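Visitor: Below is the file query27.cif, with mmCIF, C-alpha atoms and all ligand atoms.
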data_final
#
loop_
_atom_site.label_atom_id
_atom_site.label_comp_id
_atom_site.auth_asym_id
_atom_site.auth_seq_id
_atom_site.Cartn_x
_atom_site.Cartn_y
_atom_site.Cartn_z
CA MET S 1 -36.08 -112.34 -39.82
CA ASN S 2 -33.06 -114.59 -40.30
CA TYR S 3 -33.36 -118.27 -41.29
CA ALA S 4 -32.81 -119.67 -37.78
CA LYS S 5 -35.55 -117.42 -36.35
CA LEU S 6 -37.90 -118.23 -39.20
CA SER S 7 -37.49 -121.98 -38.79
CA ARG S 8 -37.97 -121.69 -34.98
CA TRP S 9 -41.24 -119.92 -35.67
CA ILE S 10 -42.52 -121.98 -38.61
CA GLY S 11 -41.20 -125.42 -37.54
CA PRO S 12 -43.79 -126.17 -34.85
CA ILE S 13 -46.60 -124.94 -37.14
CA LEU S 14 -45.47 -127.24 -39.92
CA SER S 15 -45.18 -130.27 -37.63
CA THR S 16 -48.64 -129.53 -36.20
CA ILE S 17 -50.05 -129.49 -39.73
CA VAL S 18 -48.32 -132.79 -40.56
CA MET S 19 -49.37 -134.43 -37.28
CA THR S 20 -53.00 -133.34 -37.50
CA SER S 21 -53.66 -133.85 -41.24
CA PRO S 22 -56.29 -136.55 -41.66
CA VAL S 23 -54.77 -139.84 -42.80
CA VAL S 24 -55.95 -140.47 -46.33
CA ALA S 25 -57.13 -144.05 -46.08
CA GLN S 26 -59.90 -144.22 -48.61
CA THR S 27 -58.84 -147.21 -50.74
CA LEU S 28 -59.58 -150.03 -48.29
CA LYS S 29 -62.96 -148.47 -47.54
CA ALA S 30 -63.75 -148.12 -51.23
CA VAL S 31 -62.75 -151.75 -51.83
CA THR S 32 -64.84 -153.10 -48.94
CA ASP S 33 -67.86 -150.91 -49.83
CA ARG S 34 -67.64 -152.14 -53.42
CA GLY S 35 -67.22 -155.73 -52.30
CA ALA S 36 -64.36 -156.36 -54.72
CA LEU S 37 -60.79 -155.36 -55.42
CA ASN S 38 -60.03 -153.73 -58.79
CA CYS S 39 -56.75 -155.23 -59.91
CA GLY S 40 -54.84 -154.16 -63.04
CA VAL S 41 -53.04 -157.03 -64.78
CA SER S 42 -51.42 -157.68 -68.15
CA GLU S 43 -53.57 -158.51 -71.14
CA GLY S 44 -52.56 -162.14 -71.25
CA LEU S 45 -49.18 -163.46 -70.28
CA TYR S 46 -49.17 -167.15 -69.60
CA GLY S 47 -48.01 -167.94 -66.03
CA PHE S 48 -48.37 -164.30 -64.94
CA SER S 49 -51.92 -163.30 -65.80
CA ALA S 50 -53.95 -165.26 -68.26
CA ARG S 51 -57.62 -166.16 -68.71
CA ASP S 52 -58.82 -169.70 -69.36
CA ASP S 53 -61.77 -170.71 -71.57
CA LYS S 54 -64.18 -170.04 -68.72
CA GLY S 55 -62.81 -166.51 -68.27
CA ASP S 56 -61.05 -167.34 -64.98
CA TRP S 57 -57.76 -165.57 -64.35
CA SER S 58 -54.63 -167.25 -62.99
CA GLY S 59 -50.92 -166.64 -62.69
CA PHE S 60 -48.21 -165.13 -60.55
CA ASP S 61 -49.45 -161.52 -60.85
CA VAL S 62 -53.06 -162.65 -60.48
CA ASP S 63 -52.13 -164.47 -57.26
CA LEU S 64 -51.19 -161.18 -55.63
CA CYS S 65 -54.69 -159.86 -56.42
CA ARG S 66 -56.14 -163.09 -55.00
CA ALA S 67 -53.94 -162.80 -51.90
CA LEU S 68 -55.20 -159.25 -51.29
CA ALA S 69 -58.80 -160.43 -51.68
CA ALA S 70 -58.05 -163.28 -49.26
CA ALA S 71 -56.66 -160.84 -46.68
CA ILE S 72 -59.56 -158.38 -47.08
CA PHE S 73 -62.58 -160.61 -47.80
CA ASN S 74 -61.42 -164.15 -46.98
CA ASP S 75 -62.51 -164.87 -50.57
CA THR S 76 -60.10 -164.96 -53.52
CA ASN S 77 -62.92 -164.48 -56.03
CA LYS S 78 -63.69 -160.94 -54.95
CA VAL S 79 -61.48 -159.42 -57.62
CA LYS S 80 -62.36 -157.58 -60.80
CA TYR S 81 -59.46 -157.86 -63.25
CA THR S 82 -58.65 -155.08 -65.68
CA PRO S 83 -56.28 -156.19 -68.45
CA LEU S 84 -53.99 -153.29 -69.33
CA ALA S 85 -51.53 -152.60 -72.13
CA ALA S 86 -48.19 -151.28 -70.91
CA SER S 87 -48.94 -147.78 -72.17
CA HIS S 88 -52.25 -147.47 -70.27
CA ARG S 89 -51.38 -149.10 -66.96
CA PHE S 90 -50.25 -146.01 -65.05
CA GLU S 91 -53.18 -143.78 -65.97
CA ALA S 92 -55.54 -146.59 -64.87
CA LEU S 93 -53.92 -146.43 -61.43
CA GLN S 94 -53.73 -142.63 -61.30
CA SER S 95 -57.39 -142.21 -62.29
CA GLY S 96 -58.55 -144.65 -59.60
CA SER S 97 -60.06 -147.17 -62.01
CA ILE S 98 -57.85 -149.83 -60.38
CA ASP S 99 -56.77 -150.10 -56.72
CA VAL S 100 -53.51 -151.86 -57.41
CA LEU S 101 -51.38 -152.60 -60.45
CA SER S 102 -50.01 -156.15 -60.44
CA ARG S 103 -48.66 -156.34 -63.97
CA ASN S 104 -44.98 -157.25 -64.37
CA THR S 105 -44.14 -153.61 -63.79
CA THR S 106 -40.61 -152.43 -63.12
CA TRP S 107 -39.99 -150.25 -60.09
CA THR S 108 -38.19 -147.14 -61.35
CA MET S 109 -37.53 -143.72 -59.88
CA SER S 110 -39.55 -141.79 -62.48
CA ARG S 111 -42.61 -143.99 -62.01
CA GLU S 112 -42.63 -142.93 -58.36
CA VAL S 113 -41.48 -139.31 -58.46
CA GLU S 114 -43.10 -138.25 -61.74
CA LEU S 115 -46.23 -140.36 -61.82
CA GLY S 116 -47.14 -140.16 -58.13
CA LEU S 117 -47.13 -143.92 -57.69
CA ILE S 118 -45.34 -146.09 -55.16
CA PHE S 119 -44.14 -149.67 -55.37
CA ALA S 120 -45.04 -151.79 -52.36
CA ALA S 121 -42.48 -154.58 -52.85
CA THR S 122 -40.47 -156.49 -55.43
CA ASP S 123 -42.25 -159.77 -56.01
CA TYR S 124 -40.06 -160.89 -58.92
CA TYR S 125 -36.47 -159.84 -59.61
CA ASP S 126 -36.15 -159.90 -63.37
CA GLY S 127 -33.87 -158.58 -66.10
CA GLN S 128 -34.18 -157.90 -69.82
CA GLY S 129 -33.15 -160.46 -72.40
CA PHE S 130 -33.43 -161.41 -76.06
CA LEU S 131 -35.29 -164.19 -77.85
CA VAL S 132 -33.97 -165.35 -81.23
CA ARG S 133 -34.41 -168.25 -83.62
CA LYS S 134 -31.92 -171.05 -82.92
CA ALA S 135 -31.21 -171.09 -86.64
CA MET S 136 -29.64 -167.62 -86.34
CA ASN S 137 -26.77 -169.23 -84.44
CA LYS S 138 -26.28 -166.35 -82.03
CA GLU S 139 -24.57 -167.03 -78.74
CA SER S 140 -24.64 -163.62 -77.15
CA ALA S 141 -26.51 -160.35 -77.33
CA LEU S 142 -23.24 -158.78 -78.45
CA ASP S 143 -23.64 -160.71 -81.73
CA LEU S 144 -26.84 -158.82 -82.55
CA ASP S 145 -25.36 -155.96 -84.60
CA GLY S 146 -27.72 -154.98 -87.46
CA VAL S 147 -30.83 -156.83 -86.23
CA LYS S 148 -34.50 -155.83 -86.31
CA VAL S 149 -35.97 -155.91 -82.81
CA CYS S 150 -39.65 -156.23 -81.86
CA VAL S 151 -40.54 -154.56 -78.56
CA GLN S 152 -43.64 -153.44 -76.71
CA THR S 153 -43.86 -149.66 -76.36
CA GLY S 154 -44.42 -147.82 -73.07
CA THR S 155 -41.99 -150.13 -71.29
CA THR S 156 -38.57 -149.95 -69.68
CA THR S 157 -37.67 -152.58 -72.28
CA GLU S 158 -37.90 -150.01 -75.03
CA GLN S 159 -35.60 -147.63 -73.12
CA ASN S 160 -32.99 -150.27 -72.18
CA LEU S 161 -32.81 -151.41 -75.80
CA VAL S 162 -31.66 -147.95 -76.89
CA ASP S 163 -29.04 -147.81 -74.10
CA TYR S 164 -27.70 -151.28 -74.82
CA PHE S 165 -27.21 -150.92 -78.57
CA ARG S 166 -25.80 -147.42 -78.19
CA THR S 167 -23.36 -148.43 -75.44
CA ASN S 168 -22.11 -151.35 -77.51
CA ASN S 169 -21.94 -149.38 -80.76
CA MET S 170 -24.32 -151.73 -82.55
CA LYS S 171 -26.86 -150.83 -85.23
CA TYR S 172 -30.47 -152.01 -84.99
CA GLU S 173 -33.97 -151.24 -86.15
CA VAL S 174 -36.86 -151.04 -83.68
CA ILE S 175 -40.31 -152.34 -84.50
CA GLY S 176 -42.49 -151.10 -81.67
CA SER S 177 -45.97 -152.41 -80.83
CA VAL S 178 -48.52 -151.13 -78.34
CA THR S 179 -49.58 -154.69 -77.50
CA ALA S 180 -47.62 -157.81 -76.61
CA GLU S 181 -49.62 -159.61 -79.28
CA GLY S 182 -48.33 -157.18 -81.93
CA ALA S 183 -44.72 -157.69 -80.86
CA ILE S 184 -45.11 -161.48 -80.84
CA LYS S 185 -46.80 -161.51 -84.26
CA GLY S 186 -44.06 -159.26 -85.64
CA TYR S 187 -41.42 -161.70 -84.45
CA GLU S 188 -43.24 -164.82 -85.58
CA SER S 189 -43.95 -163.41 -89.03
CA GLY S 190 -40.32 -162.42 -89.54
CA LEU S 191 -40.91 -158.66 -89.48
CA CYS S 192 -38.11 -158.67 -86.92
CA ASN S 193 -35.58 -161.34 -86.04
CA VAL S 194 -35.21 -160.53 -82.34
CA LEU S 195 -37.82 -160.10 -79.62
CA THR S 196 -36.84 -158.36 -76.42
CA SER S 197 -38.61 -158.15 -73.05
CA ASP S 198 -38.09 -159.08 -69.40
CA ILE S 199 -36.77 -162.65 -69.38
CA SER S 200 -39.77 -164.03 -67.44
CA GLN S 201 -42.02 -162.73 -70.21
CA LEU S 202 -39.79 -164.29 -72.88
CA PHE S 203 -40.47 -167.68 -71.23
CA ALA S 204 -44.20 -167.00 -71.49
CA ILE S 205 -44.00 -165.68 -75.05
CA ARG S 206 -41.90 -168.60 -76.31
CA LEU S 207 -44.75 -170.96 -75.39
CA LEU S 208 -47.09 -169.03 -77.66
CA LEU S 209 -44.91 -169.50 -80.74
CA SER S 210 -45.84 -172.29 -83.13
CA LYS S 211 -42.55 -174.16 -82.52
CA PRO S 212 -41.21 -173.05 -79.11
CA ASP S 213 -38.17 -175.31 -79.37
CA ASP S 214 -36.94 -173.44 -82.43
CA HIS S 215 -36.29 -170.36 -80.30
CA VAL S 216 -33.71 -169.61 -77.65
CA ILE S 217 -33.33 -166.98 -74.92
CA LEU S 218 -29.79 -165.61 -75.11
CA PRO S 219 -27.84 -165.80 -71.82
CA ASP S 220 -27.30 -162.02 -71.48
CA VAL S 221 -29.26 -160.03 -68.90
CA ILE S 222 -29.00 -156.38 -69.94
CA SER S 223 -30.91 -154.60 -67.17
CA LYS S 224 -32.38 -154.75 -63.68
CA GLU S 225 -36.15 -155.20 -63.68
CA PRO S 226 -37.47 -155.34 -60.13
CA LEU S 227 -41.12 -156.18 -60.76
CA GLY S 228 -43.80 -155.55 -58.18
CA PRO S 229 -47.19 -154.16 -57.28
CA ALA S 230 -47.76 -150.40 -57.39
CA VAL S 231 -50.37 -148.19 -55.76
CA ARG S 232 -51.12 -144.45 -55.73
CA GLN S 233 -49.13 -142.30 -53.33
CA GLY S 234 -51.00 -140.76 -50.40
CA ASP S 235 -52.82 -143.72 -48.87
CA MET S 236 -50.38 -145.28 -46.42
CA GLN S 237 -52.89 -147.79 -45.07
CA TRP S 238 -53.47 -149.25 -48.52
CA PHE S 239 -49.76 -149.18 -49.33
CA ASN S 240 -49.09 -151.12 -46.09
CA ILE S 241 -51.76 -153.70 -46.91
CA VAL S 242 -50.27 -154.45 -50.33
CA ARG S 243 -46.70 -154.36 -49.01
CA TRP S 244 -47.36 -156.60 -45.98
CA VAL S 245 -49.49 -159.14 -47.83
CA GLN S 246 -46.51 -159.66 -50.13
CA PHE S 247 -44.05 -159.73 -47.18
CA ALA S 248 -46.31 -162.15 -45.29
CA MET S 249 -46.08 -164.64 -48.18
CA ILE S 250 -42.28 -164.41 -48.20
CA ASN S 251 -42.07 -164.68 -44.39
CA ALA S 252 -44.39 -167.69 -44.50
CA GLU S 253 -42.06 -169.48 -46.89
CA GLU S 254 -39.08 -168.65 -44.70
CA LEU S 255 -40.88 -169.98 -41.61
CA GLY S 256 -41.99 -173.13 -43.44
CA VAL S 257 -45.69 -172.23 -43.21
CA THR S 258 -47.63 -173.47 -46.25
CA SER S 259 -51.24 -173.85 -47.37
CA LYS S 260 -50.90 -177.55 -46.43
CA ASN S 261 -49.64 -177.11 -42.86
CA ILE S 262 -51.42 -173.86 -41.91
CA ASN S 263 -53.63 -175.66 -39.36
CA GLU S 264 -50.57 -176.85 -37.46
CA ALA S 265 -49.06 -173.37 -37.76
CA LEU S 266 -52.17 -171.94 -36.09
CA LYS S 267 -51.32 -174.12 -33.07
CA SER S 268 -47.59 -173.36 -33.15
CA GLU S 269 -45.85 -171.95 -30.09
CA LYS S 270 -43.05 -170.35 -32.12
CA PRO S 271 -43.25 -166.56 -31.57
CA ASP S 272 -42.54 -165.58 -35.19
CA VAL S 273 -45.08 -168.08 -36.52
CA LYS S 274 -47.64 -166.83 -33.97
CA ARG S 275 -47.14 -163.22 -35.11
CA LEU S 276 -47.49 -164.29 -38.75
CA VAL S 277 -50.68 -166.31 -38.36
CA GLY S 278 -52.22 -163.88 -35.86
CA THR S 279 -52.36 -166.00 -32.72
CA GLU S 280 -50.23 -163.30 -31.10
CA GLY S 281 -50.32 -159.52 -31.61
CA ASP S 282 -52.71 -157.26 -33.51
CA TYR S 283 -50.77 -156.70 -36.73
CA GLY S 284 -53.80 -157.29 -38.95
CA GLU S 285 -55.98 -154.81 -37.09
CA ARG S 286 -53.27 -152.18 -37.34
CA ILE S 287 -53.60 -152.20 -41.13
CA GLY S 288 -57.39 -152.22 -41.08
CA LEU S 289 -57.77 -156.00 -41.49
CA THR S 290 -58.42 -158.89 -39.09
CA LYS S 291 -55.99 -160.85 -36.88
CA ASP S 292 -55.91 -163.79 -39.29
CA TRP S 293 -55.18 -161.68 -42.42
CA ALA S 294 -51.95 -163.53 -43.25
CA ALA S 295 -53.35 -166.96 -42.29
CA ARG S 296 -56.14 -166.34 -44.84
CA VAL S 297 -53.58 -165.51 -47.52
CA ILE S 298 -51.53 -168.64 -46.81
CA THR S 299 -54.62 -170.88 -46.62
CA LEU S 300 -56.26 -169.62 -49.79
CA VAL S 301 -53.27 -168.71 -51.98
CA GLY S 302 -50.11 -170.15 -50.39
CA ASN S 303 -46.71 -168.84 -49.41
CA TYR S 304 -44.36 -167.13 -51.89
CA GLY S 305 -42.60 -170.36 -52.87
CA GLU S 306 -45.89 -172.18 -53.43
CA VAL S 307 -47.14 -169.36 -55.66
CA PHE S 308 -43.88 -169.24 -57.62
CA GLU S 309 -43.75 -173.00 -58.20
CA ARG S 310 -47.42 -173.31 -59.12
CA THR S 311 -47.50 -170.44 -61.61
CA VAL S 312 -44.06 -170.08 -63.20
CA GLY S 313 -41.59 -172.44 -61.47
CA VAL S 314 -39.69 -175.44 -62.81
CA GLY S 315 -42.62 -177.78 -62.18
CA SER S 316 -45.03 -175.54 -64.13
CA THR S 317 -45.45 -175.20 -67.89
CA LEU S 318 -43.21 -172.12 -67.95
CA GLY S 319 -40.40 -173.91 -66.12
CA ILE S 320 -38.55 -170.84 -64.79
CA PRO S 321 -35.81 -171.65 -62.23
CA ARG S 322 -36.16 -169.78 -58.91
CA GLY S 323 -32.73 -168.17 -59.48
CA ILE S 324 -32.30 -164.91 -57.60
CA ASN S 325 -35.95 -165.11 -56.55
CA GLN S 326 -34.93 -167.79 -54.09
CA LEU S 327 -35.11 -166.68 -50.43
CA TRP S 328 -32.07 -164.83 -49.08
CA SER S 329 -31.54 -167.75 -46.67
CA LYS S 330 -31.18 -170.09 -49.66
CA GLY S 331 -28.83 -168.00 -51.77
CA GLY S 332 -31.34 -165.69 -53.45
CA ILE S 333 -32.33 -162.08 -52.79
CA GLN S 334 -36.00 -162.42 -51.77
CA TYR S 335 -36.05 -160.93 -48.31
CA ALA S 336 -38.99 -159.65 -46.25
CA PRO S 337 -38.71 -157.56 -43.10
CA PRO S 338 -40.07 -159.40 -40.05
CA ILE S 339 -43.60 -159.12 -38.69
CA ARG S 340 -43.10 -157.84 -35.18
N1 LIG Q 1 -41.22 -154.60 -66.87
C1 LIG Q 1 -41.30 -153.73 -68.00
C2 LIG Q 1 -41.99 -154.39 -69.20
C3 LIG Q 1 -43.41 -154.80 -68.90
C4 LIG Q 1 -44.20 -155.27 -70.14
O1 LIG Q 1 -45.28 -154.70 -70.44
N2 LIG Q 1 -43.70 -156.30 -70.85
C5 LIG Q 1 -44.42 -156.83 -71.96
C6 LIG Q 1 -43.51 -157.85 -72.62
S1 LIG Q 1 -44.14 -158.38 -74.13
C7 LIG Q 1 -45.71 -157.50 -71.45
O2 LIG Q 1 -45.68 -158.10 -70.43
N3 LIG Q 1 -46.82 -157.41 -72.15
C8 LIG Q 1 -48.02 -158.08 -71.74
C9 LIG Q 1 -49.26 -157.30 -72.06
O3 LIG Q 1 -49.18 -156.19 -72.62
O4 LIG Q 1 -50.35 -157.78 -71.73
C10 LIG Q 1 -41.98 -152.43 -67.61
O5 LIG Q 1 -42.50 -152.33 -66.49
O6 LIG Q 1 -42.01 -151.49 -68.42
#
What is this structure when it is put down as structure tokens?
Ligand SMILES: N[C@@H](CCC(=O)N[C@@H](CS)C(=O)NCC(=O)O)C(=O)O
Guide:
Amino acid sequence: MNYAKLSRWIGPILSTIVMTSPVVAQTLKAVTDRGALNCGVSEGLYGFSARDDKGDWSGFDVDLCRALAAAIFNDTNKVKYTPLAASHRFEALQSGSIDVLSRNTTWTMSREVELGLIFAATDYYDGQGFLVRKAMNKESALDLDGVKVCVQTGTTTEQNLVDYFRTNNMKYEVIGSVTAEGAIKGYESGLCNVLTSDISQLFAIRLLLSKPDDHVILPDVISKEPLGPAVRQGDMQWFNIVRWVQFAMINAEELGVTSKNINEALKSEKPDVKRLVGTEGDYGERIGLTKDWAARVITLVGNYGEVFERTVGVGSTLGIPRGINQLWSKGGIQYAPPIR
């Protein structure tokens, strides 16, 4: 049989198999049966995911877990947080011990095609940078020839570091740590004179040092680090829930819908606001949730801009400028497809 004949014969069989395979949609059911979302976060990164004295979690990454719990349960407390070191985060997702990983994780090709995971969105566009003591008098990363660099292992950071020093023909020594704490201690104690990580994390780490003002983040950005939530491949319903909760928060900001004016938005006659808040269409039901799924998220957690400002933005302790995380309509690259 030649190829054309074979494909004429096998094609319809294959498409029948694809069309009739049961949709694997077990995660939402598992979450609702359990009564809580299992969310993987970092072990303690101020502004992103940190615990207070009472054991309550807060931060930018934590807010995505809260937003999912708002959409599913109308209750942001229905989340069990699992703090994960960089090197253990993917196996926690693969094994099913968490439903979603919201832990400053970079979207890369190998993490999808080799690990069987899939990123639902980019909630923070980041890049790798370097933290040094001001007293070192360094103005650029290109002045770092011969340094000792502390880095957390199991990260893209570790890989980019090799590329950057090799490309620029600079010598360096790596001091790798499994935990962020180890890398920070190494830097603070002088074991290394440079600390490298995604720039957002350098902002958080600098606050933990005994004299934050003695340290400076160099201006160079040596990599692309699109950070976002990841899920396991194979459950499209769950993937869509995580993806569209994130997109709903971005769309809400673009449409000017906030946690403060959500009640007016629920009475709005604007078609795109109506689709967002669920007074028109059945978008929520189509992903296994209720009509008001996005309204719950905006009411209980806020839109993307509110989350950013509250947790990491210029008005917060971290003081990170919105930069490229500004909406596309305001000069940034945050862009969500429309709900329609
Ligand atoms: N975005 C990078 C780096 C992520 C990462 O783990 N960064 C460290 C910087 S110190 C961190 O956030 N550690 C916090 C923790 O382990 O709890 C990746 O996905 O590999």
Visitor: Please return as a count of residues only the residues found within 7 Å of ligand LIG 1 (chain Q), counting only C-alpha atoms and all ligand atoms.
Guide: 25
Visitor: Between CA of Leu318 in chain S and CA of Gly190 in chain S, what is the distance in Å, rounded to a tenth?
Guide: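 Straight-line distance from CA of Leu318 in chain S to CA of Gly190 in chain S works out to 23.8 Å.
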Visitor: Which value, in Å to one decimal, gives the distance between CA of Ile339 in chain S and CA of Arg275 in chain S?
Guide: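 Between CA of Ile339 in chain S and CA of Arg275 in chain S the gap works out to 6.5 Å.
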Visitor: Taking into account all atoms listed in the file, which residue in the set S:Thr153, S:Asn38, S:Asn251, S:Ser189 is nearest to Val62 in chain S?
Guide: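 Nearest to Val62 in chain S: S:Asn38.
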Visitor: From (-65.6, -155.4, -56.6), in the file's coordinates, out to 12 Å: which residues are reached, counting all atoms listed in the file? Answer as a list of chain:residue names.
Guide: S:Leu28, S:Lys29, S:Ala30, S:Val31, S:Thr32, S:Asp33, S:Arg34, S:Gly35, S:Ala36, S:Leu37, S:Asn38, S:Cys39, S:Cys65, S:Ala69, S:Ile72, S:Phe73, S:Asp75, S:Thr76, S:Asn77, S:Lys78, S:Val79, S:Lys80, S:Tyr81, S:Thr82, S:Ser97, S:Ile98, S:Asp99
Visitor: Give the answer as one residue: which of S:Ser177, S:Gln233, S:Thr258, S:Asn263 has the shortest atom-to-atom distance to Leu93 in chain S, using all atoms listed in the file?
Guide: S:Gln233
Visitor: Could you work out how far CA of Leu209 in chain S lies from CA of Ile184 in chain S, giving the answer in Å with one decimal?
Guide: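 Computing it gives 8.0 Å between the two atoms.
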Visitor: Could you check the closest approach to Gly234 in chain S for each of S:Pro321, S:Arg310, S:Asp53, S:Gly116 and tell me which residue wins, using only C-alpha atoms?
Guide: S:Gly116
Visitor: From the options S:Asp292, S:Glu173, S:Asp126, S:Glu285, which residue's atoms come nearest to Val273 in chain S, counting only C-alpha atoms?
Guide: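 So, comparing all the options, the nearest one is S:Asp292.
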Visitor: Using only C-alpha atoms, which protein or nucleic acid residues come within 7 Å of Ile298 in chain S? Drop anything in the same chain fewer than 3 positions from it, and give the result as a PDB file with C-alpha atoms, keeping the file's coordinate frame.
Guide:
ATOM      1  CA  MET S 249     -46.080-164.640 -48.180  1.00  0.00           C
ATOM      2  CA  THR S 258     -47.630-173.470 -46.250  1.00  0.00           C
ATOM      3  CA  SER S 259     -51.240-173.850 -47.370  1.00  0.00           C
ATOM      4  CA  ALA S 294     -51.950-163.530 -43.250  1.00  0.00           C
ATOM      5  CA  ALA S 295     -53.350-166.960 -42.290  1.00  0.00           C
ATOM      6  CA  VAL S 301     -53.270-168.710 -51.980  1.00  0.00           C
ATOM      7  CA  GLY S 302     -50.110-170.150 -50.390  1.00  0.00           C
ATOM      8  CA  ASN S 303     -46.710-168.840 -49.410  1.00  0.00           C
TER       9      ASN S 303
END
Visitor: Would you list the contacts of Ala204 in chain S as a PDB file with C-alpha atoms, in the frame of the given file, taking every protein, DNA or RNA residue within 12 Å and counting all atoms listed in the file, but skipping same-chain residues closer than 4 positions in sequence?
Guide:
ATOM      1  CA  GLY S  44     -52.560-162.140 -71.250  1.00  0.00           C
ATOM      2  CA  LEU S  45     -49.180-163.460 -70.280  1.00  0.00           C
ATOM      3  CA  TYR S  46     -49.170-167.150 -69.600  1.00  0.00           C
ATOM      4  CA  GLY S  47     -48.010-167.940 -66.030  1.00  0.00           C
ATOM      5  CA  PHE S  48     -48.370-164.300 -64.940  1.00  0.00           C
ATOM      6  CA  SER S  49     -51.920-163.300 -65.800  1.00  0.00           C
ATOM      7  CA  ALA S  50     -53.950-165.260 -68.260  1.00  0.00           C
ATOM      8  CA  GLY S  59     -50.920-166.640 -62.690  1.00  0.00           C
ATOM      9  CA  PHE S  60     -48.210-165.130 -60.550  1.00  0.00           C
ATOM     10  CA  LEU S 131     -35.290-164.190 -77.850  1.00  0.00           C
ATOM     11  CA  ALA S 180     -47.620-157.810 -76.610  1.00  0.00           C
ATOM     12  CA  ILE S 184     -45.110-161.480 -80.840  1.00  0.00           C
ATOM     13  CA  SER S 197     -38.610-158.150 -73.050  1.00  0.00           C
ATOM     14  CA  ASP S 198     -38.090-159.080 -69.400  1.00  0.00           C
ATOM     15  CA  ILE S 199     -36.770-162.650 -69.380  1.00  0.00           C
ATOM     16  CA  SER S 200     -39.770-164.030 -67.440  1.00  0.00           C
ATOM     17  CA  LEU S 208     -47.090-169.030 -77.660  1.00  0.00           C
ATOM     18  CA  LEU S 209     -44.910-169.500 -80.740  1.00  0.00           C
ATOM     19  CA  PRO S 212     -41.210-173.050 -79.110  1.00  0.00           C
ATOM     20  CA  ILE S 217     -33.330-166.980 -74.920  1.00  0.00           C
ATOM     21  CA  THR S 311     -47.500-170.440 -61.610  1.00  0.00           C
ATOM     22  CA  VAL S 312     -44.060-170.080 -63.200  1.00  0.00           C
ATOM     23  CA  GLY S 313     -41.590-172.440 -61.470  1.00  0.00           C
ATOM     24  CA  SER S 316     -45.030-175.540 -64.130  1.00  0.00           C
ATOM     25  CA  THR S 317     -45.450-175.200 -67.890  1.00  0.00           C
ATOM     26  CA  LEU S 318     -43.210-172.120 -67.950  1.00  0.00           C
ATOM     27  CA  GLY S 319     -40.400-173.910 -66.120  1.00  0.00           C
ATOM     28  CA  ILE S 320     -38.550-170.840 -64.790  1.00  0.00           C
TER      29      ILE S 320
END
Visitor: Name the residues, using the chain letters and numbers of the file, that sit within 9 Å of (-34.0, -152.4, -70.9) when counting only C-alpha atoms, and give them as an mmCIF file with C-alpha atoms, in the coordinates of the input.
Guide:
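Produced file part-v4.cif, reproduced below:
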data_model
loop_
_atom_site.group_PDB
_atom_site.id
_atom_site.type_symbol
_atom_site.label_atom_id
_atom_site.label_comp_id
_atom_site.auth_asym_id
_atom_site.auth_seq_id
_atom_site.Cartn_x
_atom_site.Cartn_y
_atom_site.Cartn_z
ATOM 1 C CA GLY S 127 -33.870 -158.580 -66.100
ATOM 2 C CA GLN S 128 -34.180 -157.900 -69.820
ATOM 3 C CA GLY S 129 -33.150 -160.460 -72.400
ATOM 4 C CA THR S 155 -41.990 -150.130 -71.290
ATOM 5 C CA THR S 156 -38.570 -149.950 -69.680
ATOM 6 C CA THR S 157 -37.670 -152.580 -72.280
ATOM 7 C CA GLU S 158 -37.900 -150.010 -75.030
ATOM 8 C CA GLN S 159 -35.600 -147.630 -73.120
ATOM 9 C CA ASN S 160 -32.990 -150.270 -72.180
ATOM 10 C CA LEU S 161 -32.810 -151.410 -75.800
ATOM 11 C CA VAL S 162 -31.660 -147.950 -76.890
ATOM 12 C CA ASP S 163 -29.040 -147.810 -74.100
ATOM 13 C CA TYR S 164 -27.700 -151.280 -74.820
ATOM 14 C CA THR S 196 -36.840 -158.360 -76.420
ATOM 15 C CA SER S 197 -38.610 -158.150 -73.050
ATOM 16 C CA ASP S 198 -38.090 -159.080 -69.400
ATOM 17 C CA ILE S 222 -29.000 -156.380 -69.940
ATOM 18 C CA SER S 223 -30.910 -154.600 -67.170
ATOM 19 C CA LYS S 224 -32.380 -154.750 -63.680
ATOM 20 C CA GLU S 225 -36.150 -155.200 -63.680
#
Visitor: Within 12 Å of Met236 in chain S, counting only C-alpha atoms, which residues qualify if same-chain residues fewer than 5 places away don't, as a ChimeraX atom specification?
Guide: /S:22-28,117-120,231,241-244,286-288
Visitor: If you take every atom of range 204-218 of chain S that the file lists and fit an axis-aligned box around them with 5 Å extra on each side, what centre and edge lengths come out in Å to one decimal, as lines of an AutoDock Vina configuration file?
Guide:
center_x = -38.4
center_y = -170.5
center_z = -77.3
size_x = 27.3
size_y = 19.7
size_z = 21.6
Visitor: Residues at most 12 Å from Leu255 in chain S, counting all atoms listed in the file, excluding those fewer than 4 positions away in the same chain, as a compact mmCIF listing (two decimals) with C-alpha atoms, keeping the file's coordinate frame?
Guide:
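Generated file (part24.txt):
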# COMPACT_ATOMS: atom_id res chain seq x y z
CA ALA S 248 -46.31 -162.15 -45.29
CA MET S 249 -46.08 -164.64 -48.18
CA ILE S 250 -42.28 -164.41 -48.20
CA ASN S 251 -42.07 -164.68 -44.39
CA ASN S 261 -49.64 -177.11 -42.86
CA ILE S 262 -51.42 -173.86 -41.91
CA ALA S 265 -49.06 -173.37 -37.76
CA SER S 268 -47.59 -173.36 -33.15
CA LYS S 270 -43.05 -170.35 -32.12
CA PRO S 271 -43.25 -166.56 -31.57
CA ASP S 272 -42.54 -165.58 -35.19
CA VAL S 273 -45.08 -168.08 -36.52
CA LYS S 274 -47.64 -166.83 -33.97
CA ARG S 275 -47.14 -163.22 -35.11
CA LEU S 276 -47.49 -164.29 -38.75
CA VAL S 277 -50.68 -166.31 -38.36
CA ILE S 298 -51.53 -168.64 -46.81
CA ASN S 303 -46.71 -168.84 -49.41
CA TYR S 304 -44.36 -167.13 -51.89
CA GLY S 305 -42.60 -170.36 -52.87
CA LEU S 327 -35.11 -166.68 -50.43
CA SER S 329 -31.54 -167.75 -46.67
CA ALA S 336 -38.99 -159.65 -46.25
CA PRO S 338 -40.07 -159.40 -40.05
CA ILE S 339 -43.60 -159.12 -38.69
